[in-house]
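File shown here: upload-v7.cif, holding mmCIF, C-alpha atoms and all ligand atoms.
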```cif
data_upload
#
loop_
_atom_site.label_atom_id
_atom_site.label_comp_id
_atom_site.auth_asym_id
_atom_site.auth_seq_id
_atom_site.Cartn_x
_atom_site.Cartn_y
_atom_site.Cartn_z
CA MET A 400 10.69 -27.56 0.64
CA VAL A 401 10.24 -25.94 4.02
CA GLU A 402 13.77 -26.89 5.05
CA ASN A 403 15.07 -25.45 1.77
CA LEU A 404 12.84 -22.38 1.77
CA GLU A 405 15.57 -19.76 1.44
CA HIS A 406 17.36 -21.59 -1.35
CA LEU A 407 14.15 -22.16 -3.32
CA ALA A 408 12.98 -18.56 -2.82
CA LYS A 409 16.32 -17.18 -3.94
CA THR A 410 16.34 -19.43 -7.01
CA MET A 411 12.88 -18.13 -7.88
CA THR A 412 13.73 -14.47 -7.42
CA LEU A 413 16.89 -14.78 -9.50
CA GLU A 414 15.16 -16.76 -12.23
CA GLN A 415 11.66 -15.25 -12.36
CA GLY A 416 12.18 -11.84 -10.75
CA LYS A 417 9.49 -11.59 -8.06
CA PRO A 418 10.56 -9.92 -4.79
CA ILE A 419 12.15 -12.33 -2.33
CA GLN A 420 9.33 -12.11 0.24
CA ALA A 421 6.77 -13.00 -2.42
CA ALA A 422 9.00 -15.89 -3.49
CA ARG A 423 9.14 -17.16 0.11
CA ASN A 424 5.35 -16.98 0.29
CA GLU A 425 5.06 -18.96 -2.91
CA VAL A 426 7.42 -21.68 -1.67
CA LYS A 427 5.26 -22.06 1.46
CA TYR A 428 2.09 -22.15 -0.65
CA GLY A 429 3.73 -24.74 -2.91
CA ALA A 430 4.73 -26.90 0.07
CA ASP A 431 1.14 -26.71 1.36
CA PHE A 432 -0.05 -28.73 -1.63
CA LEU A 433 2.31 -31.59 -0.83
CA LEU A 434 1.26 -31.61 2.81
CA TRP A 435 -2.47 -31.30 2.13
CA PHE A 436 -2.60 -34.00 -0.55
CA ALA A 437 -0.35 -36.33 1.48
CA GLU A 438 -2.98 -36.13 4.21
CA GLU A 439 -5.91 -36.40 1.82
CA ALA A 440 -4.44 -39.50 0.13
CA LYS A 441 -5.73 -41.43 3.14
CA ARG A 442 -9.29 -40.48 2.30
CA ILE A 443 -9.66 -41.74 -1.26
CA TYR A 444 -12.81 -43.61 -0.30
CA GLY A 445 -15.10 -45.74 -2.38
CA ARG A 446 -18.70 -46.56 -1.45
CA THR A 447 -21.33 -49.27 -1.60
CA ILE A 448 -24.72 -48.64 -3.16
CA PRO A 449 -27.83 -50.64 -2.30
CA SER A 450 -29.35 -52.44 -5.26
CA SER A 451 -33.05 -53.05 -5.91
CA ARG A 452 -32.10 -56.65 -6.70
CA ALA A 453 -31.82 -58.81 -3.60
CA ASP A 454 -28.96 -60.82 -5.10
CA GLN A 455 -26.91 -57.80 -6.18
CA ARG A 456 -24.37 -55.49 -4.50
CA PHE A 457 -22.78 -52.40 -6.01
CA MET A 458 -19.31 -51.27 -5.06
CA VAL A 459 -17.59 -48.09 -6.27
CA ILE A 460 -13.83 -47.69 -6.04
CA LYS A 461 -11.47 -44.91 -7.09
CA GLN A 462 -8.31 -45.79 -8.99
CA PRO A 463 -5.42 -43.70 -10.33
CA VAL A 464 -6.13 -42.44 -13.82
CA GLY A 465 -2.68 -43.51 -15.07
CA VAL A 466 0.31 -41.62 -16.42
CA VAL A 467 -0.15 -37.85 -16.12
CA ALA A 468 1.47 -35.26 -18.41
CA ALA A 469 1.71 -31.76 -16.94
CA ILE A 470 2.65 -28.38 -18.40
CA THR A 471 3.27 -25.45 -16.06
CA PRO A 472 3.80 -21.68 -16.48
CA TRP A 473 6.60 -19.31 -15.46
CA ASN A 474 4.62 -16.86 -13.30
CA TYR A 475 4.32 -19.17 -10.25
CA PRO A 476 7.17 -21.53 -11.15
CA ILE A 477 7.10 -23.64 -7.97
CA SER A 478 3.54 -23.72 -6.64
CA MET A 479 2.07 -24.53 -10.05
CA ILE A 480 4.29 -27.62 -10.10
CA THR A 481 3.35 -28.97 -6.68
CA ARG A 482 -0.32 -28.18 -7.32
CA LYS A 483 -0.16 -30.86 -10.04
CA VAL A 484 2.50 -33.26 -8.72
CA ALA A 485 1.01 -33.57 -5.21
CA PRO A 486 -2.51 -34.72 -6.20
CA ALA A 487 -1.10 -36.96 -8.95
CA LEU A 488 1.12 -38.77 -6.43
CA ALA A 489 -1.63 -38.85 -3.82
CA ALA A 490 -3.94 -40.53 -6.33
CA GLY A 491 -1.25 -43.08 -7.21
CA CYS A 492 -0.35 -41.74 -10.67
CA THR A 493 3.07 -41.31 -12.19
CA ILE A 494 3.75 -37.92 -13.77
CA VAL A 495 5.93 -36.32 -16.40
CA LEU A 496 6.14 -32.53 -16.20
CA LYS A 497 7.33 -29.87 -18.60
CA PRO A 498 7.95 -26.49 -16.93
CA ALA A 499 7.92 -23.19 -18.82
CA GLU A 500 11.02 -22.47 -20.84
CA ALA A 501 11.56 -19.26 -18.82
CA THR A 502 11.78 -21.07 -15.45
CA PRO A 503 13.40 -24.51 -15.68
CA LEU A 504 15.70 -23.96 -12.69
CA CYS A 505 12.87 -23.76 -10.15
CA ALA A 506 11.48 -27.00 -11.58
CA ILE A 507 14.85 -28.73 -11.35
CA GLU A 508 15.17 -27.75 -7.68
CA ILE A 509 11.72 -29.19 -6.88
CA PHE A 510 12.41 -32.45 -8.70
CA LYS A 511 15.77 -32.78 -6.90
CA LEU A 512 13.85 -32.53 -3.63
CA LEU A 513 11.31 -35.15 -4.75
CA GLU A 514 14.22 -37.50 -5.43
CA LYS A 515 15.86 -36.64 -2.11
CA ALA A 516 12.57 -37.31 -0.32
CA GLY A 517 12.73 -40.89 -1.58
CA LEU A 518 10.32 -40.97 -4.49
CA PRO A 519 11.04 -44.14 -6.50
CA GLU A 520 12.79 -43.61 -9.82
CA GLY A 521 10.41 -42.94 -12.72
CA VAL A 522 7.44 -41.84 -10.61
CA ALA A 523 7.91 -38.09 -11.14
CA ASN A 524 9.79 -37.09 -14.29
CA LEU A 525 10.94 -33.72 -15.54
CA VAL A 526 11.46 -32.67 -19.16
CA THR A 527 12.82 -29.19 -19.74
CA ALA A 528 12.64 -27.80 -23.27
CA LEU A 529 13.40 -24.56 -25.05
CA ASP A 530 10.77 -25.41 -27.64
CA PRO A 531 7.58 -26.66 -25.98
CA LYS A 532 5.85 -27.84 -29.16
CA PRO A 533 7.45 -31.29 -29.66
CA VAL A 534 6.89 -32.13 -25.99
CA GLY A 535 3.29 -30.92 -26.21
CA LYS A 536 2.79 -33.13 -29.25
CA VAL A 537 3.99 -36.23 -27.41
CA PHE A 538 1.78 -35.34 -24.43
CA MET A 539 -1.27 -35.11 -26.71
CA THR A 540 -0.60 -38.20 -28.79
CA ASP A 541 1.30 -40.82 -26.76
CA LYS A 542 -1.15 -43.54 -25.80
CA LYS A 543 0.65 -44.19 -22.51
CA ILE A 544 -0.51 -40.80 -21.26
CA ALA A 545 -3.96 -40.95 -19.70
CA LYS A 546 -4.32 -37.38 -18.54
CA LEU A 547 -3.07 -33.95 -19.53
CA THR A 548 -3.05 -31.10 -17.02
CA PHE A 549 -2.10 -27.60 -18.15
CA THR A 550 -1.76 -24.13 -16.67
CA GLY A 551 -1.10 -21.30 -19.12
CA SER A 552 -2.72 -19.22 -21.82
CA THR A 553 -6.18 -19.89 -23.21
CA GLY A 554 -4.81 -20.24 -26.76
CA VAL A 555 -2.36 -23.01 -25.90
CA GLY A 556 -4.94 -24.65 -23.61
CA LYS A 557 -7.46 -24.88 -26.45
CA MET A 558 -4.85 -26.34 -28.78
CA LEU A 559 -3.86 -28.98 -26.21
CA ALA A 560 -7.50 -29.85 -25.49
CA GLN A 561 -8.18 -30.31 -29.20
CA GLY A 562 -5.09 -32.52 -29.58
CA ALA A 563 -5.91 -34.62 -26.51
CA ALA A 564 -9.48 -35.11 -27.72
CA SER A 565 -8.41 -37.52 -30.46
CA GLN A 566 -7.53 -40.05 -27.75
CA MET A 567 -10.16 -38.85 -25.30
CA LYS A 568 -7.50 -38.14 -22.69
CA ARG A 569 -8.68 -36.69 -19.42
CA ILE A 570 -7.78 -32.99 -19.27
CA SER A 571 -7.75 -30.17 -16.76
CA LEU A 572 -7.00 -26.63 -17.82
CA GLU A 573 -6.22 -23.52 -15.76
CA LEU A 574 -6.21 -20.69 -18.28
CA GLY A 575 -6.43 -16.92 -18.42
CA GLY A 576 -8.74 -14.59 -16.53
CA HIS A 577 -10.16 -11.09 -16.59
CA ALA A 578 -11.25 -10.52 -13.03
CA PRO A 579 -13.76 -7.81 -12.12
CA PHE A 580 -13.13 -6.00 -8.83
CA ILE A 581 -16.38 -4.42 -7.70
CA VAL A 582 -16.49 -1.67 -5.10
CA CYS A 583 -20.15 -1.30 -4.13
CA LYS A 584 -21.72 1.96 -2.97
CA ASP A 585 -21.78 0.80 0.65
CA ALA A 586 -18.13 -0.37 0.77
CA ASN A 587 -15.31 1.32 2.61
CA PRO A 588 -13.36 2.89 -0.29
CA VAL A 589 -10.09 3.12 1.66
CA HIS A 590 -10.21 -0.54 2.67
CA ALA A 591 -11.07 -1.53 -0.91
CA ALA A 592 -8.21 0.56 -2.33
CA LYS A 593 -5.79 -1.06 0.09
CA GLY A 594 -6.99 -4.52 -0.94
CA LEU A 595 -6.68 -3.69 -4.61
CA SER A 596 -3.16 -2.29 -4.22
CA LEU A 597 -2.11 -5.55 -2.54
CA VAL A 598 -3.68 -8.02 -4.96
CA LYS A 599 -3.21 -6.15 -8.23
CA PHE A 600 0.55 -5.76 -7.94
CA LEU A 601 1.26 -9.29 -6.72
CA ASN A 602 3.83 -10.67 -9.14
CA THR A 603 3.61 -7.31 -10.98
CA GLY A 604 0.11 -8.18 -12.17
CA GLN A 605 1.30 -11.41 -13.79
CA ALA A 606 -1.35 -13.65 -12.26
CA CYS A 607 -4.45 -15.19 -13.78
CA ILE A 608 -6.56 -14.02 -10.82
CA SER A 609 -5.27 -10.43 -11.00
CA PRO A 610 -8.08 -7.81 -11.03
CA ASN A 611 -8.45 -6.42 -14.54
CA ARG A 612 -11.64 -4.36 -14.42
CA ILE A 613 -12.15 -2.16 -11.38
CA TYR A 614 -15.74 -0.89 -10.99
CA VAL A 615 -15.96 2.06 -8.62
CA HIS A 616 -19.04 4.17 -7.89
CA PRO A 617 -18.55 7.91 -8.59
CA THR A 618 -19.54 8.85 -5.02
CA MET A 619 -16.49 7.13 -3.62
CA LYS A 620 -14.10 7.60 -6.50
CA ALA A 621 -12.15 10.46 -4.87
CA ALA A 622 -11.45 8.61 -1.61
CA PHE A 623 -10.67 5.36 -3.42
CA LEU A 624 -8.32 6.97 -5.89
CA GLU A 625 -6.51 9.02 -3.26
CA GLU A 626 -5.69 5.94 -1.18
CA LEU A 627 -4.78 3.86 -4.23
CA LYS A 628 -2.52 6.54 -5.68
CA LYS A 629 -0.79 7.05 -2.34
CA ARG A 630 0.03 3.36 -2.14
CA VAL A 631 0.90 2.79 -5.80
CA THR A 632 3.27 5.74 -6.13
CA LYS A 633 5.27 4.40 -3.15
CA MET A 634 5.91 1.02 -4.77
CA LYS A 635 9.56 0.52 -5.68
CA ALA A 636 10.65 -1.49 -8.70
CA GLY A 637 13.94 -3.29 -9.04
CA ASP A 638 16.05 -6.29 -8.10
CA GLY A 639 13.86 -8.61 -6.05
CA MET A 640 16.78 -9.46 -3.76
CA THR A 641 16.86 -5.84 -2.51
CA PRO A 642 14.74 -5.31 0.63
CA GLY A 643 11.67 -3.13 0.09
CA ILE A 644 11.25 -3.88 -3.62
CA LYS A 645 7.60 -4.53 -4.48
CA ILE A 646 7.64 -4.53 -8.29
CA GLY A 647 9.64 -7.08 -10.24
CA PRO A 648 10.11 -7.22 -14.01
CA LEU A 649 7.67 -8.45 -16.63
CA VAL A 650 8.62 -11.73 -18.23
CA ASN A 651 9.90 -10.56 -21.62
CA ALA A 652 9.89 -7.86 -24.29
CA ALA A 653 6.55 -9.00 -25.74
CA ALA A 654 4.89 -8.70 -22.34
CA ILE A 655 6.03 -5.10 -21.84
CA GLN A 656 4.93 -4.22 -25.36
CA LYS A 657 1.45 -5.68 -24.76
CA VAL A 658 1.01 -3.71 -21.52
CA ASP A 659 2.24 -0.50 -23.13
CA ASP A 660 -0.03 -1.00 -26.17
CA GLN A 661 -3.06 -1.47 -23.92
CA VAL A 662 -2.25 1.65 -21.90
CA LYS A 663 -1.71 3.76 -25.05
CA ASP A 664 -4.91 2.45 -26.61
CA ALA A 665 -6.85 3.37 -23.45
CA VAL A 666 -5.37 6.88 -23.27
CA ASN A 667 -5.97 7.46 -27.00
CA ASN A 668 -9.59 6.48 -26.48
CA GLY A 669 -10.23 8.85 -23.60
CA ALA A 670 -8.90 7.20 -20.41
CA THR A 671 -7.08 9.40 -17.88
CA LEU A 672 -3.57 8.40 -16.89
CA VAL A 673 -3.41 8.94 -13.12
CA THR A 674 0.10 7.61 -12.63
CA GLY A 675 2.64 5.47 -14.47
CA GLY A 676 2.14 4.53 -18.12
CA PHE A 677 5.77 4.05 -19.18
CA ARG A 678 8.63 1.57 -19.25
CA MET A 679 11.10 2.33 -16.45
CA MET A 680 14.59 3.00 -17.76
CA ASP A 681 16.33 4.79 -14.87
CA ASP A 682 19.44 3.38 -13.21
CA ASN A 683 19.73 -0.32 -13.91
CA LEU A 684 16.06 -0.81 -14.74
CA ALA A 685 16.67 -0.47 -18.49
CA LYS A 686 18.39 -3.86 -18.34
CA GLY A 687 15.11 -5.54 -17.40
CA TYR A 688 11.46 -5.35 -18.44
CA PHE A 689 10.17 -2.98 -15.77
CA TYR A 690 6.87 -1.18 -16.29
CA ALA A 691 5.81 1.58 -13.92
CA PRO A 692 2.81 0.78 -11.67
CA THR A 693 -0.03 2.42 -13.56
CA ILE A 694 -3.55 3.68 -12.80
CA LEU A 695 -5.99 4.44 -15.62
CA ASP A 696 -9.27 6.16 -14.83
CA HIS A 697 -12.47 6.36 -16.92
CA VAL A 698 -11.80 3.14 -18.81
CA THR A 699 -14.68 2.13 -21.11
CA PRO A 700 -15.72 -1.03 -22.97
CA SER A 701 -14.35 0.37 -26.25
CA MET A 702 -10.75 0.02 -25.00
CA SER A 703 -8.71 -3.16 -25.52
CA ILE A 704 -7.79 -3.33 -21.82
CA TYR A 705 -11.50 -3.78 -21.00
CA ARG A 706 -11.51 -7.25 -22.60
CA GLN A 707 -7.92 -8.45 -23.06
CA GLU A 708 -5.97 -9.94 -20.19
CA THR A 709 -3.19 -7.47 -19.22
CA PHE A 710 -0.65 -9.51 -17.20
CA GLY A 711 1.03 -6.34 -16.01
CA PRO A 712 0.92 -3.64 -13.29
CA VAL A 713 -2.04 -1.66 -14.60
CA VAL A 714 -5.23 -0.72 -12.70
CA PRO A 715 -8.08 0.13 -15.13
CA ILE A 716 -10.89 1.94 -13.29
CA ILE A 717 -14.37 1.90 -14.81
CA ASP A 718 -17.19 4.21 -13.71
CA TYR A 719 -20.65 2.86 -13.02
CA GLU A 720 -23.84 4.62 -11.99
CA ASP A 721 -26.33 1.86 -11.45
CA GLU A 722 -25.63 -1.11 -9.19
CA ASP A 723 -28.36 -3.11 -10.96
CA ASN A 724 -26.24 -3.31 -14.12
CA LEU A 725 -23.05 -4.23 -12.32
CA LEU A 726 -23.62 -7.95 -12.36
CA GLU A 727 -24.24 -7.90 -16.08
CA MET A 728 -21.14 -5.75 -16.70
CA ALA A 729 -18.94 -7.98 -14.54
CA ASN A 730 -20.16 -11.14 -16.26
CA ASP A 731 -19.67 -9.63 -19.72
CA THR A 732 -16.39 -11.42 -20.46
CA ASP A 733 -15.35 -14.67 -22.10
CA TYR A 734 -13.31 -15.50 -19.00
CA GLY A 735 -14.59 -16.87 -15.69
CA LEU A 736 -11.78 -17.37 -13.21
CA ALA A 737 -11.83 -14.90 -10.31
CA ALA A 738 -13.98 -11.96 -9.19
CA TYR A 739 -13.79 -9.66 -6.17
CA VAL A 740 -16.58 -7.74 -4.44
CA TYR A 741 -16.39 -5.15 -1.66
CA THR A 742 -19.63 -4.53 0.20
CA LYS A 743 -20.88 -4.34 3.78
CA SER A 744 -24.26 -5.76 2.87
CA TYR A 745 -24.84 -9.47 3.42
CA SER A 746 -27.58 -9.56 0.79
CA THR A 747 -25.42 -7.78 -1.83
CA ALA A 748 -22.53 -10.13 -1.08
CA THR A 749 -24.80 -13.16 -1.45
CA LYS A 750 -26.30 -11.85 -4.69
CA PHE A 751 -22.86 -11.39 -6.23
CA PHE A 752 -21.49 -14.66 -4.85
CA GLU A 753 -24.36 -16.64 -6.33
CA ASN A 754 -24.67 -14.83 -9.67
CA LEU A 755 -21.13 -13.98 -10.77
CA ASN A 756 -20.06 -16.49 -13.44
CA PHE A 757 -16.59 -17.07 -12.03
CA GLY A 758 -15.03 -20.04 -10.24
CA ILE A 759 -13.46 -18.06 -7.39
CA ILE A 760 -15.17 -15.13 -5.66
CA GLY A 761 -13.41 -12.96 -3.05
CA ILE A 762 -15.94 -11.14 -0.89
CA ASN A 763 -14.10 -8.35 0.92
CA ASP A 764 -11.19 -10.75 0.52
CA ILE A 765 -8.21 -10.57 -1.77
CA ASN A 766 -6.72 -14.00 -1.17
CA PRO A 767 -9.41 -16.62 -1.78
CA THR A 768 -6.84 -19.38 -2.41
CA SER A 769 -5.51 -22.30 -0.37
CA ALA A 770 -4.33 -25.88 -0.95
CA ALA A 771 -7.55 -26.93 0.80
CA ALA A 772 -9.84 -24.92 -1.53
CA PRO A 773 -10.82 -25.66 -5.15
CA PHE A 774 -9.14 -23.29 -7.63
CA GLY A 775 -10.31 -23.05 -11.24
CA GLY A 776 -12.44 -21.29 -13.75
CA MET A 777 -15.46 -21.39 -16.01
CA LYS A 778 -15.84 -20.53 -19.70
CA MET A 779 -12.51 -19.62 -21.41
CA SER A 780 -10.72 -19.84 -18.07
CA GLY A 781 -10.68 -23.60 -18.33
CA MET A 782 -12.08 -26.72 -16.78
CA GLY A 783 -11.40 -28.79 -13.72
CA ARG A 784 -10.19 -27.65 -10.32
CA GLU A 785 -6.87 -27.75 -8.49
CA GLY A 786 -6.48 -28.08 -4.74
CA ALA A 787 -9.07 -29.57 -2.39
CA ILE A 788 -10.93 -32.85 -2.90
CA GLU A 789 -11.98 -31.66 -6.35
CA GLY A 790 -8.29 -31.40 -7.24
CA LEU A 791 -7.71 -35.02 -6.23
CA ASP A 792 -10.70 -36.28 -8.19
CA GLU A 793 -9.10 -34.96 -11.39
CA TYR A 794 -6.48 -37.74 -11.07
CA LEU A 795 -8.90 -40.57 -10.23
CA GLU A 796 -11.10 -42.85 -12.24
CA THR A 797 -14.37 -44.10 -10.78
CA LYS A 798 -14.97 -47.82 -11.18
CA LEU A 799 -18.26 -49.56 -10.48
CA GLY A 800 -18.52 -53.23 -9.59
CA GLY A 801 -21.88 -55.04 -9.78
CA PHE A 802 -21.64 -58.26 -7.75
CA SER A 803 -24.27 -60.95 -8.05
CA LEU A 804 -24.57 -63.38 -5.17
CA ASN A 805 -25.68 -66.13 -7.58
CA CYS A 806 -22.67 -68.01 -8.81
P1 LIG B 1 2.29 -17.55 -21.46
O1 LIG B 1 1.81 -16.78 -22.65
O2 LIG B 1 1.77 -17.10 -20.19
O3 LIG B 1 3.77 -17.83 -21.48
P2 LIG B 1 1.84 -20.16 -22.50
O4 LIG B 1 0.51 -20.84 -22.59
O5 LIG B 1 2.52 -19.83 -23.79
O6 LIG B 1 1.59 -18.93 -21.58
O7 LIG B 1 2.84 -21.02 -21.65
C1 LIG B 1 2.45 -21.83 -20.58
C2 LIG B 1 3.11 -23.18 -20.71
O8 LIG B 1 2.67 -23.74 -21.94
C3 LIG B 1 4.64 -23.16 -20.78
O9 LIG B 1 5.15 -24.27 -20.10
C4 LIG B 1 4.91 -23.28 -22.25
O10 LIG B 1 6.15 -23.86 -22.54
C5 LIG B 1 3.78 -24.21 -22.66
N1 LIG B 1 3.48 -24.18 -24.10
C6 LIG B 1 3.39 -23.12 -24.93
N2 LIG B 1 3.12 -23.53 -26.20
C7 LIG B 1 3.03 -24.88 -26.16
C8 LIG B 1 2.80 -25.90 -27.14
N3 LIG B 1 2.57 -25.62 -28.42
N4 LIG B 1 2.78 -27.20 -26.73
C9 LIG B 1 3.00 -27.50 -25.44
N5 LIG B 1 3.23 -26.60 -24.47
C10 LIG B 1 3.25 -25.31 -24.82
#
```
Do you think you could lay out the structure here as structure tokens?
Ligand code: ADP
Amino acid sequence: MVENLEHLAKTMTLEQGKPIQAARNEVKYGADFLLWFAEEAKRIYGRTIPSSRADQRFMVIKQPVGVVAAITPWNYPISMITRKVAPALAAGCTIVLKPAEATPLCAIEIFKLLEKAGLPEGVANLVTALDPKPVGKVFMTDKKIAKLTFTGSTGVGKMLAQGAASQMKRISLELGGHAPFIVCKDANPVHAAKGLSLVKFLNTGQACISPNRIYVHPTMKAAFLEELKKRVTKMKAGDGMTPGIKIGPLVNAAAIQKVDDQVKDAVNNGATLVTGGFRMMDDNLAKGYFYAPTILDHVTPSMSIYRQETFGPVVPIIDYEDEDNLLEMANDTDYGLAAYVYTKSYSTATKFFENLNFGIIGINDINPTSAAAPFGGMKMSGMGREGAIEGLDEYLETKLGGFSLNC
């Protein structure tokens, strides 16, 4: 993957639309999973446990769970594949993967490389499909499949989990999110605005860990908004192969409609449109699904954007007065994937880190992800973790042996 970085990145930009530099970053991140799990494969240890019986010994070993079925999304069309394939192979499982119908070409390139790298035939298998349902059905019902791993929407994840339950298949699910981004009273508003502008518009907001509710204290609103607006209005949308482009297209017509509906609903219910709020149609942009980077101020819980995942380039800012209620407000969501907090206080940071009901917490940090770190959510954001030793465990069974010395 590293040797083929430019080719893979270009394939991704042409197929999925993200700017070429972001595509390069994703290829490197994707390659990290193969490297990290290749190293970690050496450390799939068992253990011995002392018994209270003098004649008995306990031994615990880890074994591959069996054939893995994987379903991946279009938004990170390469790294989401290696994040599943790498731990499956490290654990000793074979895998069959169905990529999203919008991004089969990235998947084909990765599987070509797996073959080129010498993986024996039949160990990693790719099934592309325009209609995912029949493949999903086989994944849920074929007895040869021991584990189902899925990244995508909460609705499809629930359906797959229900289907897999009839055979008690092992499952891991990485689903949607609705991340709070909390700017505490003691934070540096300019630094926080810079962080938000970087993380929110990654992949044009089409990421499950994208901030969706931005809580900013009124005393710092002016400075925060000024910096954010300055940065957001400079972002250029267009062909990801053109240098300097920061905003790629949304995935399809339904996605742009959903974003626009949320923005209109917010404005109709009293939000202030600071910038953006429209589909971009100038020059060649009308040929794609480009939505202008948008800032909404004074968003309230009555608006759909407050609860629904957006998956687009929209920053909804929510006012708060009292820091004591912040934790409750941030946790008031069915999702539990990522949360972000800006504060200079160690005790505030610790309080939020320990009490936010989310699987990934960025404290003054907008990139709390790595192949070495466990990624995953609570509640409607799914179950299981990817990356790190937790990510390897998802592909392993634990077997206990009780050995008697009397024979
Ligand atoms: P999104 O709305 O972000 O496209 P989806 O959950 O629909 O998210 O898609 C994520 C992945 O799930 C894709 O690979 C897609 O093909 C797959 N998928 C969608 N519906 C089904 C289904 N009924 N059975 C199996 N896979 C599905």
Enumerate as number ranges by chain the residues within 10 Å of ligand LIG 1 (chain B), counting only C-alpha atoms and all ligand atoms.
A: 469-474, 476, 496-503, 527-539, 549-559, 562, 573-575, 605-607, 650-651, 653-654, 710
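The smallest atom-to-atom distance between Ala489 in chain A and any of A:Gly790, A:Gly776, A:Pro610, A:Pro617, using only C-alpha atoms, is found for A:Gly790.
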I'd like the contact shell of range 703-705 of chain A - 7 Å cut-off, all atoms listed in the file, skipping same-chain residues fewer than 5 positions apart - returned as a ChimeraX atom specification.
/A:612,661,664-665
Keeping only C-alpha atoms, take the residues you just selected and write them out as a JSON list (two decimals), keeping the file's coordinate frame.
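result18.json written:
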```json
[["chain", "number", "residue", "atom", "x", "y", "z"],
["A", 612, "ARG", "CA", -11.64, -4.36, -14.42],
["A", 661, "GLN", "CA", -3.06, -1.47, -23.92],
["A", 664, "ASP", "CA", -4.91, 2.45, -26.61],
["A", 665, "ALA", "CA", -6.85, 3.37, -23.45]]
```
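The smallest atom-to-atom distance between Lys635 in chain A and any of A:Ala691, A:Met680, A:Ile581, A:Ala685, using only C-alpha atoms, is found for A:Ala691.
Reported to one decimal place, the separation of CA of Lys483 in chain A from CA of Phe436 in chain A is 10.3 Å.
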Give the padded box for range 525-540 of chain A as AutoDock Vina command-line options: axis-aligned, covering all atoms listed in the file, 8 Å on each side, centre and edge lengths in Å to one decimal.
```
--center_x 6.1 --center_y -31.4 --center_z -22.6 --size_x 30.7 --size_y 29.6 --size_z 30.1
```
List the spatial neighbours of Ile717 in chain A as a PyMOL selection string - criterion: any atom at most 7 Å away, all atoms listed in the file, same-chain residues fewer than 2 positions off excluded.
chain A and resi 612-615+696-699+715+719
Who sits within 8 Å of Lys546 in chain A, only C-alpha atoms, same chain under 6 positions skipped, as an MDAnalysis selection string
chainID A and resid 464:468 568:570 794
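Between Thr632 in chain A and the candidates A:Lys645, A:Lys743, A:Lys620, A:Lys441, the tightest atom-to-atom separation, counting only C-alpha atoms, involves A:Lys645.
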Give me the residues within 8 Å of Asp454 in chain A as a PyMOL selection string, counting only C-alpha atoms and dropping any in the same chain fewer than 3 places off.
chain A and resi 803-805
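Here CA of Thr548 in chain A stands at a distance of 6.0 Å from CA of Leu572 in chain A.
The interatomic distance for the pair CA of Val495 in chain A and CA of Ile507 in chain A works out to 12.8 Å.
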I want to know what sits within 7 Å of Glu708 in chain A, based on all atoms listed in the file, with residues of the same chain fewer than 2 positions away left out; could you give that as a PyMOL selection string?
chain A and resi 576-577+706+710
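You can rank A:Glu514, A:Glu785, A:Ala430, A:Glu438 by their closest distance to Thr481 in chain A using only C-alpha atoms, and at the top of that list sits A:Ala430.
Considering the residues A:Ile646, A:Ile655, A:Ala591, A:Val673 and counting all atoms listed in the file, Glu626 in chain A has its shortest atom-to-atom contact with A:Ala591.
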